[in-house]
Every structure is written in structure tokens, then in C-alpha cells.
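This report refers to the structure that appears directly beneath it.
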Amino acid sequence: MKSFRLIAFLTLLLAFTSVGEAKQVGNFTVGKGTFLLNGKPFIVKAAEVHYPRIPRPYWEQRIKMCKALGMNTLCLYVFWNIHEPVAGQFNFSGNNDVAAFCRLAQKNGMYVIVRPGPYVCAEWEMGGLPWWLLKKKDIRLREQDPYFMERVKLFEQKVAEQLAPLTIQRGGPIIMVQVENEYGSYGEDKPYIRAIRDMLKANWYTKEKNGKEVGPVLFQCDWSSNFTKNGLDDLVWTMNFGTGANIDQQFKRLGELRPDAPKMCSEFWSGWFDKWGARHETRPAKDMVAGIDEMLSKGISFSLYMTHGGTSFGHWAGANSPGFAPDVTSYDYDAPINEYGQATPKFYELRKTMEKYNGGKKLPDVPKAAAPLVSFPKVTLNARIPLRQFITRTVTSHDTKTFEDMDMGWGSAFYSTTLPAISQSSLLTISDAHDYAQVFVNGKFVGKIDRVKNEKSVTLPPVAKGAKLDILVEAMGRINFGRAIKDYKGITGDVTITTTDGQHDLTYNLKNWKISLIPDNADTLALQASKPYVDLRTHLDVRDGEKQPGVFVGTFTVNKVGDTFIDMENFGKGQVFVNGHALGRFWRIGPQQTLYCPGCWLKKGKNEIMVLDVIGTANPTLWGQDRPELDKLQLEKSNLHNNIGDKPDLNSRTPAYSGTMKPGNGWQTIRFSQPQQGRYLAILVESNQSGKDQSAIAELYLQDAQGKRISREAWTTKYADSEEATGNHTGDKAFDLQESTYWQTVTGTDMPHLLVIDLGSVQTVSALEYLPRAEQGAPGSIAKFKAFIY
């Protein structure tokens, strides 16, 4: 009997103990003005990291890097679409094993904050929501739509099955769980937020014998300007803001409403994300360090977003809105730990400050890099397989169909039909092409339509009856922020041709489509590439000599395994696959010209590479270098909005408002004496609060006749006489849904300054909302100004 009891005891001990990790039950709660860890005051010093953006063999090195920086917690999103790529098929294995990541955190003495959405943003495809939700056309995302909530409930149950056993109350590292994410930037819907909260409580909480519910601290995050819209009484409220922000101002309203609540910045932005066609974003290290120093000195908890950004491998990079602004593959974020896991000067500057708040203890040594950096010489890929070889199936339809209609999440498609006889040039219009379309007539390239530039039309040459029209549409990442996340791919509406017969205007609405699908997953591409193929160049896509869409195949050799950066600037636009691993998207326009290739995906000697290029190249040469290139633009034309032909003559126009803004931080609303109608908003800045010449606007909204905010989805910059483009402070930053970014003029540029915004259609406007920069003193704040609606 004693032997039996001993065996039972040892079995129980093993169940609660793993190598180097004691499963000791603890508690994390909210006290007066502070968090409490096992009853003692605790300041959360969290590092935001995303497990899908890091190859699994590198997870532990990245965790140790965060610990060496002085962090005590890891903060992570759970990405619904990577865990449920097909409805009802869940994957928590391999690089998706979020529970293993949390256990590694605990092994290394780190606590964990989990943010299970269902929406996460994160500059990730569709903000983390699965594309297949869009197969239900009338679905209402992030609302109490029955189907949406049914799927959310299933997902949250599966997440809890993985992670709820790892809460601190059960001996694990998880101390906090977030309810939804920045919902105030999407809408106002407390019943929906309550429903998500209740799901998490049902899945994460357990009842003790006394009937008390026990589980992790539940919290919600938002901006200081909107957190009250959806704030629930029983949740912890945390603020999101960036480097340089006026911290006292950010917490002012929270302090008024909840004077005894702990303060936490749940996203303190260390840098920013990059988009195709714009400069690489950076933020000063001294401003980031000063902000963290101030918060720690005041007992404010924080999570540094990002501490290590990593890479949006494959097709996982999202896109921002208004308009369509796809994100690059690198998620370096100008973070203290760079894309490939090494310490930056920003890391060491922050580490000095963090050591001051480490209880007198020395911080752990900075760990070695996970892999050395290596390069390989130029190689020319000698096989080009025409893109049509990779068609997996074809759909015939009277009308166009979206990718979602045809049950394809990601990739490209040829939309093909025949044309009527047209004896002169005509205009082909696609309403709309999501996201990059190339038009061919009888196999000859005639033009492209780029959603980024809001293009919709190309000119067609005269054609004979029966001429073949091919439209090759490539989908990029779905929009991840704002109401535009319901982002269908492919051709989403009609394709029309407008012309004239000399007497009448004629419009043809093209029908009877043959749609050929090309998924972009590595397995499908590899299978198709292994088959014999017929060279279809003369049939499909001849243009510019050998510059044709296709998949280029070849090998490169590394003498030593390590991390490398594959330079793609000779290629056009597409994706890269190495040894079956999807590295991500490239686009010659930049700013990113290299793709990070982790050494753990390479082998010594020959390595296989496939380049899917929807534009093509006459020089399929690439190479590996030992450093990234993240800031090299190769644009067709400048990204400034200073075309003098777009500058309006305001001399004869009556302003909707003429006056002076108030100084200081925070939103201001300027009401017009009467509503104004027009398609354009012009802001003429005549002076600044500082008396200096550099002006800035963080955000602008307009209100309609009923005082409601007008949607900014269709807004574009029409004209700006001055934009600080090197710092990515172009005109669109004044309406990009992000309060920490801003339009700013170039120092030394004479006033007045003029910014003109195209609203997309005629609107009735009754008021203007203005937000200056968020930093102390609101640099560049406007004083005297005029607003025009015309």
C-alpha cells in the first residue's frame, strides 16, 4: 500500500512539474492604484511579440532577448485566421502552438498577457479574422451577427482549451486576458463587448467551492479619446498611445473616472509599420526611452508594442485604410529587437533605463543571436514557368465573382471573356479590382489598375469582334483596420467598356466570364511546378521582351547555414518560397527590397527557391546579403501631392470657417455657421501656436448635417504644398485612423500651408474635428486658419 501511495504521489508531482518549471499556483489581481501579484504590488513590464511572426526554432532566443531587456511579461495576440484557416479545421501545432510558446515564457521566468481577439488588427491579414467569413455576404463583422458570434464562440472555446490551463491560478504564466481590441476605433456597441467578455469568462474562469469565480484579469484597451464609448464597469481599462505622447494627458480622463484604478499603457508604440510605396518608418529611441522612464517612475504598467516585430511571412501582411495601403512583409517596426532577433542601439538605450527599475538586480546577459548572418552570390533562376501552368481550377459565370465566391482565400486569377468590335480607342473600367490588375488583349499587355492609387480604368486599342480579354488580378492582404475590413478580393463588381460610334456614347457591360484560379500556397505551387508544362508565352502575356508573369524556379547555395536577406529588386511583384517555406511578398516599388530568410529554413549546400512574379522580369537574378534593405523606393513617380495643377484657387471662395484653434493637446470641434456642400476640404494654415513655420495635423474628421462623423474610407490627398515625406508625414496621415501619425510640413517652408482632401463624393458638412500631435506641447499646432468646402 505504501508503494502504491508513493507511486501515486510521484505521478501527481510529475503532472504539475516540468523540467526547469515549477507549477506553483499563484494569483494576479487589481488593487488600489496597482496590480497585485500574489498580494504584492506589481508593475507589468511587457514585451509584445507575435509567435507566428517568429520561426519556432527561434522562439526561446527571442523570449530571452525580451528578458534581457528588463521585461517581466510577454504580450501576444492569438490570430484566429492562422488557427482556423478552413472553417471547422483548427491548427495549434508547429508554429501555431501558442501553448508551447506560453510554456517557454514560463520556463524563462516570464508572465504572459493573452489577447485572443477575435479581432487583433496587428497589420495582419483582415485583422486576424478568417477570410471565409466573407462567404456569407450579409455578415456583420465585429457585431452581434448570429453567424459571426457562433464562429467566434467556437474559436474562443478552442483557444481556451489550449491556454486556460496555463493561467496563474492553475500554475501557469498567464495573468491577463484582453476583451476584443481597440473597439472604439470601429464603433460603439457595449452589448457586443459584453458578449465577448461573457464568452471569455465562460471559457477561462472556474468556480471555487464558495461559488467565487476565479480567473485571469480581464481588460480592454483603446485610445484615450474613445475608451469610454465601450468601457465596461467590470473590466480593467488600459490606454494605447505612442512614443512621444503626453503621458499625463493620455491618462487624465481615466484618472477622473477611476482615480483608484491601476494605470497601464497596453500598447506603447516603439515605432511604426511600413506600407508599400512609402518610406521606412522610424521613431527616436530617446523619445521611447523617456516615455518608459516616465511611466515606470509613476508606477504605470506598459506593454511595448513592438519589442520584437518579426516578419509577416507568406500572405499574412494586411493593409490599412482609408483607401488601400498594403503593408510590407517585414514587421521590423523599428523595434528594439530587430526583425531577425538582434539587439539594436535602441535596445541598449532602453536596457539602461530598465535596469534602474529592476529592484537593484543586474539584468540577464543579452543572449547570442539565434543564427549567424550569411550571404550568397548572385544566381540567375533559369526556369520560368508561365503563370497559367499554376491554374488549379476554372469557374464559368455570367457575372464576375470574387475570390470568396469561388472559395479561394489568397492568390491570383485570370478573368477572361471576348470583346465586341470597337473601331476606336475605348475605356475599360473595373469596379473594382482588388488589388492589382493587369489587362491583356489577345495576349498583349495594355495596362494595369492599381488599387493603391485608386485606379479603375485603362485605355483599350481598337479591337475586332471576338478579341480575347484577360484580366490578371492579384490579391494582396485584406484591410486590417476600420470598417473596411470586409474586404473582398478579385473583381468585386462590373467590368464595362465605354466608347462612341461617332453619334452616341456606348457602354458595354462585359459578361460570360471564364475565371481561372491560382492559389498562392507553397504546396500547390510546388506540385504544379513539378509537372511538365507547355510554354504559353505566345498565347498569354507577351510584353517588354521577356518580362512576363510566371513562376521562376532555381537553386542557390550557402556554404554556412544562417539568416540571410534575399534581394528581390530585379523582380516585379509577387511572393517567394524557399525549401517550401513562404517568405512573403515583394514589390519592386519598395521600400522593402529584401526578404528575411531564417537560417533554420535553410540547409548547407543547395536550396530550392520559387519566385511567383505576376509582373515578371527580364533579369531573374537575385542574391543573399547579410543585412536587410528596408528603405529603398523605386517609384514610377513621386509620392508627394504637389502637382500645381491640383492646387485650387481659393481667392474667390468664401471659407466655411475662418478663425483660430485653441492651444494644447486633445480634440477640438469647429462648427460652421451653416452646413456646406462640396467634394473637397481645403485647410489653409496661416499661423501656428508656436509662431514657427512647421505645421502638423494628427487627425481630421468632418461631421454631416446631423452632427455624425462622415466616413473617411474614400478620402485621398488631392494637394499639399508641403509634406515631410522623408519622415512619412504625407497628407494621408491626417486621416489614416491613427492618432499617433500626422501630416507635417517641411521646416523652412513659408506659410500659409495648404492641405486639400478629396472626400470621394459631394458631402454636406456642418463641422470640422481637429486633433493636433499627441506629444507634450502639441508640436506644430495650428493657430489661425481657414477651412473651405467646395
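Chain labels run A, B, ... following the order of the C-alpha cells; each chain numbers its residues from 1, and ligands are numbered from 1 in the order shown.
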
Residues of stretch 189-437 of chain A in strand (DSSP E or B), written as a ChimeraX atom specification: /A:206-207,213-214,217-222,236-242,245,264-269,275,301-305,308,311,317,319-320,325-327,330,337,343,373,376-380,383-386,393-397,402,411-418,422,426-434,436-437

Residues near A:Leu768, cut-off 8 Å, only C-alpha atoms, skip fewer than 6 positions along chain, as a ChimeraX atom specification: /A:669-672,700-703

Residues near A:Gly572, cut-off 6 Å, only C-alpha atoms, skip fewer than 6 positions along chain, as a PyMOL selection string: chain A and resi 587-588+615-616

Kindly export the residues of the current selection with N, CA, C and O atoms, as an mmCIF file, in the first residue's frame.
```cif
data_model
loop_
_atom_site.group_PDB
_atom_site.id
_atom_site.type_symbol
_atom_site.label_atom_id
_atom_site.label_comp_id
_atom_site.auth_asym_id
_atom_site.auth_seq_id
_atom_site.Cartn_x
_atom_site.Cartn_y
_atom_site.Cartn_z
ATOM 1 N N TRP A 587 7.710 43.681 -53.760
ATOM 2 C CA TRP A 587 7.174 44.614 -54.761
ATOM 3 C C TRP A 587 8.293 45.602 -55.058
ATOM 4 O O TRP A 587 8.793 46.256 -54.138
ATOM 5 N N ARG A 588 8.654 45.700 -56.305
ATOM 6 C CA ARG A 588 9.825 46.484 -56.678
ATOM 7 C C ARG A 588 9.751 47.933 -56.209
ATOM 8 O O ARG A 588 10.782 48.576 -55.986
ATOM 9 N N ILE A 615 4.211 40.259 -62.401
ATOM 10 C CA ILE A 615 4.637 41.240 -63.408
ATOM 11 C C ILE A 615 5.703 40.642 -64.309
ATOM 12 O O ILE A 615 5.643 40.735 -65.527
ATOM 13 N N GLY A 616 6.681 40.010 -63.699
ATOM 14 C CA GLY A 616 7.757 39.389 -64.460
ATOM 15 C C GLY A 616 9.004 40.250 -64.510
ATOM 16 O O GLY A 616 9.014 41.407 -64.089
#
```

Residues near A:Ala335, cut-off 12 Å, only C-alpha atoms, skip fewer than 5 positions along chain, as a ChimeraX atom specification: /A:47-49,66,243,268-273,281-285,288-289,304-310,330,340-348,350

Close residues, A:His641 itself excluded, 9 Å, only C-alpha atoms, min 3 positions apart in chain, as a list in words: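 Returned residues: Ser638, Ile644, Asp646, Thr717, Lys718, Tyr719, Ala720, Asp721, Ser722, Glu723, Thr730 and Gly731 of chain A.
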
Written file, previous selection with C-alpha atoms, as a compact mmCIF listing (two decimals), in the first residue's frame:
```
# COMPACT_ATOMS: atom_id res chain seq x y z
CA SER A 638 6.94 60.92 -56.55
CA ILE A 644 0.44 72.52 -59.24
CA ASP A 646 -4.27 70.18 -58.40
CA THR A 717 -4.98 63.67 -50.64
CA LYS A 718 -5.62 65.99 -53.59
CA TYR A 719 -2.93 68.58 -52.93
CA ALA A 720 -0.39 69.55 -50.28
CA ASP A 721 2.03 72.40 -50.82
CA SER A 722 4.41 70.89 -48.27
CA GLU A 723 4.78 67.33 -46.92
CA THR A 730 2.42 62.96 -46.06
CA GLY A 731 -1.10 64.34 -46.39
```

Contact residues around A:Leu525 with only C-alpha atoms at 9 Å, ignoring same-chain residues under 6 positions, as a list in words: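 The neighbour list is Phe390, Ile518, Pro519, Val551, Met610 and Leu612 of chain A.
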
Writing out the chosen residues with all heavy atoms as an mmCIF file, in the first residue's frame:
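Heads up, here's the output in again_30.cif:
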```cif
data_model
loop_
_atom_site.group_PDB
_atom_site.id
_atom_site.type_symbol
_atom_site.label_atom_id
_atom_site.label_comp_id
_atom_site.auth_asym_id
_atom_site.auth_seq_id
_atom_site.Cartn_x
_atom_site.Cartn_y
_atom_site.Cartn_z
ATOM 1 N N PHE A 390 -0.121 27.191 -63.388
ATOM 2 C CA PHE A 390 -0.435 27.040 -61.965
ATOM 3 C C PHE A 390 -1.929 27.178 -61.676
ATOM 4 O O PHE A 390 -2.332 27.224 -60.524
ATOM 5 C CB PHE A 390 0.389 28.056 -61.160
ATOM 6 C CG PHE A 390 1.857 27.781 -61.249
ATOM 7 C CD1 PHE A 390 2.610 28.285 -62.299
ATOM 8 C CD2 PHE A 390 2.480 26.951 -60.338
ATOM 9 C CE1 PHE A 390 3.958 28.005 -62.415
ATOM 10 C CE2 PHE A 390 3.835 26.660 -60.443
ATOM 11 C CZ PHE A 390 4.568 27.180 -61.486
ATOM 12 N N ILE A 518 -5.529 30.682 -59.275
ATOM 13 C CA ILE A 518 -4.149 30.316 -58.948
ATOM 14 C C ILE A 518 -3.912 30.588 -57.463
ATOM 15 O O ILE A 518 -3.579 31.707 -57.063
ATOM 16 C CB ILE A 518 -3.139 31.129 -59.791
ATOM 17 C CG1 ILE A 518 -3.426 30.960 -61.281
ATOM 18 C CG2 ILE A 518 -1.708 30.712 -59.470
ATOM 19 C CD1 ILE A 518 -2.668 31.914 -62.169
ATOM 20 N N PRO A 519 -4.123 29.599 -56.581
ATOM 21 C CA PRO A 519 -3.835 29.798 -55.153
ATOM 22 C C PRO A 519 -2.341 30.037 -54.956
ATOM 23 O O PRO A 519 -1.513 29.612 -55.779
ATOM 24 C CB PRO A 519 -4.265 28.475 -54.509
ATOM 25 C CG PRO A 519 -5.086 27.776 -55.542
ATOM 26 C CD PRO A 519 -4.604 28.245 -56.870
ATOM 27 N N VAL A 551 6.278 31.817 -62.793
ATOM 28 C CA VAL A 551 6.971 31.338 -61.606
ATOM 29 C C VAL A 551 8.387 30.968 -62.021
ATOM 30 O O VAL A 551 8.598 30.126 -62.903
ATOM 31 C CB VAL A 551 6.250 30.126 -60.980
ATOM 32 C CG1 VAL A 551 7.061 29.556 -59.821
ATOM 33 C CG2 VAL A 551 4.855 30.538 -60.501
ATOM 34 N N MET A 610 11.465 29.340 -55.334
ATOM 35 C CA MET A 610 10.438 29.649 -56.337
ATOM 36 C C MET A 610 10.018 31.099 -56.144
ATOM 37 O O MET A 610 9.761 31.534 -55.017
ATOM 38 C CB MET A 610 9.202 28.762 -56.179
ATOM 39 C CG MET A 610 9.379 27.318 -56.573
ATOM 40 S SD MET A 610 7.761 26.479 -56.713
ATOM 41 C CE MET A 610 7.074 26.748 -55.094
ATOM 42 N N LEU A 612 7.122 33.592 -57.450
ATOM 43 C CA LEU A 612 5.883 33.845 -58.181
ATOM 44 C C LEU A 612 5.842 35.345 -58.468
ATOM 45 O O LEU A 612 5.717 36.153 -57.544
ATOM 46 C CB LEU A 612 4.683 33.420 -57.345
ATOM 47 C CG LEU A 612 3.303 33.400 -58.016
ATOM 48 C CD1 LEU A 612 2.324 32.592 -57.175
ATOM 49 C CD2 LEU A 612 2.733 34.780 -58.267
#
```

Nearest-residue call for A:Asn91, choices A:Arg478, A:Arg56, A:Lys158, A:Lys45, using only C-alpha atoms: A:Lys158

Distance query A:His434 at most 7 Å, only C-alpha atoms, self and fewer than 4 positions along chain excluded, as a list in words: Arg451, Ala475, Lys489, Gly490 and Ile491 of chain A

Members of stretch 494-710 of chain A assigned helix (DSSP H, G or I) by DSSP, as a VMD selection string: chain A and resid 522 to 529 537 to 540 599 to 601 644 to 646

Among the residues A:Asn27, A:Ile430, A:Leu469, A:Pro322, the one that comes closest to A:Val446 [using only C-alpha atoms]: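 Selected residue with least distance to A:Val446: A:Leu469.
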
Interatomic distance, atom CA of A:Glu150 to atom CA of A:Asn81 (Å, one decimal):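 Calculated distance between atom CA of A:Glu150 and atom CA of A:Asn81 is 15.4 Å.
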
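Distances to A:Thr716 were evaluated for A:Tyr742, A:Tyr680, A:Tyr436, A:Trp513 using only C-alpha atoms, and the minimum falls at A:Tyr680.
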
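What separates atom CA of A:Thr747 from atom CA of A:Ala682 is a distance of 20.9 Å.
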
Length of the atom CA of A:Val765 to atom CA of A:Gln674 vector [Å]: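 Spanning atom CA of A:Val765 to atom CA of A:Gln674 is a straight-line distance of 8.7 Å.
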